[in-house]
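Trainee: Pasting in a structure now, in structure tokens, and then I'll have a few things to ask.
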Amino acid sequence: MKHSPRLWTVLSCSVLVASLGAGATACGPGDNPLSARPYDAGDQVVFNQPPDGRPVDPEKPLEITAKGTGGSRITDVSAVDSQGRRLAGELSAKGDRWHSTAPMAAGVQYTVLVNTEDERGAPGQRRLTFKTTPAEKVLKVEFGPDEGKYGVGQPLTAVLNEPVTDKAARAIVERGLVVSTPPGVEGAWHWVDDKNLHFRPKDYWPAHSTVSVRSNLEGIKINDELHGAAATPLTLEIGDRVEVTTDASSHYLTFERNGEVINTIPVTTGKPGFSTRNGVKVVLGKQYFVQMRGDTVGIGGSEYYNLPVYYATRVTWSGEYVHAAPWSVGSQGSENVSHGCTGMSTSNAAWFYENITEGDIVRVINSIGDDMEPFGNGFGDWNLDWKEWRDGSALLKGTQEGRSPVDQARLRPQV
């Protein structure tokens, strides 16, 4: 008797399986319309596009309608362009009409897949491909700097061939400039002017990371006159975290790599009237030899100079360098006698030259000079605090810090 319950359980399950098997046999694939392969629904849907394959106007909405014969209706529409972008659209409640709700891209090919069902629920499909006419005027984007390895302070740049002034158009451009950053890194675009954008993170790039940028604007409508053009993507490799601090009052330069001080160098900076700019600068490049003349930066008279300079690391476009200055060794570490550059001995300059790279951070403190400009004289981007930087974005200005534009849109109440 102890085994009777288990025996009855097995018998019951057997009966249930047999019952289910009988039911499956009664409703085989040939009788279930939902299990059939989709039929060709070409005679049940109509596109508002020319049937002869001519390119279509991207400004004209795409519209698909069900013919209404046989009780067929549209269940889903997928319209994807050659860049992999899905066209937004809306399906009517009855399933008799689908129409696009966003402009199509110009100069691309679309593949449209329409799913239908008939009065029995049997699935149908209709596929269509067509091209849109190219835009007459395009917005080109050139990314910078050149591909390579840079320091943690290097901003990304985007130069446009046409000005973009309207906020809505700028927002479209920003959405289309896609930056891939290391996990957890918050960053933003900042409009320097109508044709130039810079992208930087909230803090410096993580050491030994990879940063890339690409454009998703090809064919996208920017405004009534402009559509986006294809652009060459860019990838940067980020090296060590190198931070240089020059104290103009103590006359010493401190060189840090990955948080460790590895050298302290006596220097001289700009004398009164030619004081070195305070603030954060980004290394723009290096030149083993530069012939420096005062008249190239507007210095003449008794202050004129014409000197061969070696191991020159440039930090501003107006001519501020960190370089070898053997003529001022007696003042290095004790007083400021230069015309704005940071000078050091030839051996120290050679060491600095070998250990610094483009994109590294060079900061000057305690100078009586002006502050480094954020833009126009090199990369002074880091002299703007994070709020000021975000305010230069058409997408992020006025939004909550730490959230993406998509998150902000989801949280914004509908009006």
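Naming scheme: A, B, ... for chains in displayed order of the structure tokens; residues 1 onward per chain; ligands 1 onward as shown.
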Output as a ChimeraX atom specification all residues of segment 258-315 of chain A that backbone DSSP marks as helix (DSSP H, G or I).
Mentor: /A:294-297,301-303
Trainee: Kindly export the residues of the current selection with N, CA, C and O atoms, as a short mmCIF file (atom, residue, chain, number, x, y, z; two decimals), in the first residue's frame.
Mentor:
data_model
loop_
_atom_site.label_atom_id
_atom_site.label_comp_id
_atom_site.auth_asym_id
_atom_site.auth_seq_id
_atom_site.Cartn_x
_atom_site.Cartn_y
_atom_site.Cartn_z
N GLY A 294 61.27 87.44 -31.62
CA GLY A 294 60.30 88.27 -30.92
C GLY A 294 59.25 88.87 -31.82
O GLY A 294 58.09 89.01 -31.43
N ASP A 295 59.63 89.25 -33.05
CA ASP A 295 58.68 89.94 -33.92
C ASP A 295 57.53 89.04 -34.36
O ASP A 295 56.48 89.52 -34.78
N THR A 296 57.68 87.71 -34.27
CA THR A 296 56.60 86.81 -34.67
C THR A 296 55.46 86.84 -33.66
O THR A 296 54.34 86.41 -33.97
N VAL A 297 55.73 87.32 -32.44
CA VAL A 297 54.68 87.43 -31.42
C VAL A 297 54.51 88.88 -30.96
O VAL A 297 54.00 89.16 -29.87
N GLY A 301 61.90 96.15 -30.26
CA GLY A 301 62.67 97.11 -29.46
C GLY A 301 63.72 96.43 -28.61
O GLY A 301 64.36 95.45 -29.01
N SER A 302 63.86 96.91 -27.38
CA SER A 302 64.89 96.38 -26.48
C SER A 302 64.59 94.96 -26.02
O SER A 302 65.49 94.26 -25.53
N GLU A 303 63.34 94.53 -26.18
CA GLU A 303 62.96 93.17 -25.77
C GLU A 303 63.05 92.17 -26.92
O GLU A 303 62.77 90.98 -26.72
#
Trainee: Quick one: residues within 9 Å of segment 349-353 of chain A, only C-alpha atoms, excluding same-chain residues fewer than 4 positions away - as a list of chain:residue names?
Mentor: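 Here the answer would be A:Phe255, A:Lys286, A:Gln287, A:Tyr288, A:Tyr310, A:Tyr311, A:Ala312, A:Thr313, A:Val322, A:His323, A:Ala324, A:Ala325, A:Gly343, A:Met344, A:Ser345, A:Thr357.
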Trainee: Determine, counting only C-alpha atoms, which protein, DNA and RNA residues have an atom within 12 Å of an atom of segment 369-372 of chain A; residues of the same chain fewer than 4 positions away are not included. Present the result as a ChimeraX atom specification.
Mentor: /A:248-249,269-282,315-318,320,336,339-341,362-365,376-384
Trainee: Just checking: using only C-alpha atoms, which residue out of A:Asp240, A:Ala122, A:Phe375, A:Lys131 ends up closest to Thr157 of chain A?
Mentor: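 Of the candidates, the smallest distance to Thr157 of chain A is held by A:Phe375.
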Trainee: Nearest to Glu237 of chain A among A:Pro145, A:Gly219, A:Pro201, A:Pro266, with distances taken over only C-alpha atoms: which residue is it?
Mentor: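 Among the listed residues, the smallest separation from Glu237 of chain A belongs to A:Pro145.
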Trainee: Within 12 Å of Ser250 of chain A, counting only C-alpha atoms, which residues show up once you throw out same-chain ones fewer than 3 positions away? Write them as a PyMOL selection string, please.
Mentor: chain A and resi 245-247+253-254+264-269+331-336+364-367
Trainee: Would you pick out the contacts of segment 164-178 of chain A at 7 Å or less, using only C-alpha atoms, so that residues sharing its chain but fewer than 5 positions from it are not included, and give the list as a ChimeraX atom specification?
Mentor: /A:194-195,213-217,222-223,394-395
Trainee: Segment 79-257 of chain A: which residues are strand (DSSP E) by DSSP, as a PyMOL selection string?
Mentor: chain A and resi 79-81+89-91+97-100+109-117+123-131+138-139+141-144+148-150+156-160+177-180+187-193+196-201+210-215+227-228+234-238+242-247+252-257
Trainee: Do you have the atom CA of Thr210 of chain A-atom CA of Asn196 of chain A distance handy?
Mentor: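 Computing the Euclidean distance for atom CA of Thr210 of chain A and atom CA of Asn196 of chain A yields 22.8 Å.
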Trainee: When you count only C-alpha atoms, which of these residues is closest to Asp193 of chain A: A:Gly124, A:Thr181, A:Val159, A:Val46?
Mentor: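 Checking each of A:Gly124, A:Thr181, A:Val159, A:Val46 against Asp193 of chain A, counting only C-alpha atoms, the winner is A:Val159.
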Trainee: Kindly indicate which residue among A:Val329, A:Val290, A:Val283, A:Leu62 lies nearest to Arg314 of chain A, using only C-alpha atoms for the distances.
Mentor: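 Going through A:Val329, A:Val290, A:Val283, A:Leu62 one by one, the smallest distance to Arg314 of chain A is for A:Val283.
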Trainee: When you look at Trp191 of chain A with a cut-off of 7 Å (counting only C-alpha atoms), what residues show up, excluding the ones that are within fewer than 5 positions of it in the same chain? I need them as number ranges by chain.
Mentor: A: 196-198, 392-393
Trainee: Please produce a file of the residues just selected, as a compact mmCIF listing (two decimals), in the first residue's frame, where the atoms kept are N, CA and C atoms.
Mentor:
# COMPACT_ATOMS: atom_id res chain seq x y z
N ASN A 196 32.59 74.57 -34.81
CA ASN A 196 33.58 73.78 -34.07
C ASN A 196 33.00 73.28 -32.76
N LEU A 197 33.19 71.98 -32.52
CA LEU A 197 32.79 71.35 -31.27
C LEU A 197 33.99 70.64 -30.65
N HIS A 198 34.05 70.64 -29.32
CA HIS A 198 35.03 69.85 -28.59
C HIS A 198 34.29 68.89 -27.66
N GLY A 392 27.55 74.36 -22.69
CA GLY A 392 27.89 74.56 -24.09
C GLY A 392 27.34 73.47 -25.00
N SER A 393 26.56 72.55 -24.41
CA SER A 393 25.95 71.47 -25.18
C SER A 393 24.49 71.78 -25.46
Trainee: Suppose you want the space between atom CA of Glu147 of chain A and atom CA of Asp360 of chain A; what is it in Å?
Mentor: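 Atom-to-atom, atom CA of Glu147 of chain A to atom CA of Asp360 of chain A, that is 15.7 Å.
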Trainee: How many Å separate atom CA of Ile299 of chain A from atom CA of Tyr321 of chain A?
Mentor: 15.9 Å
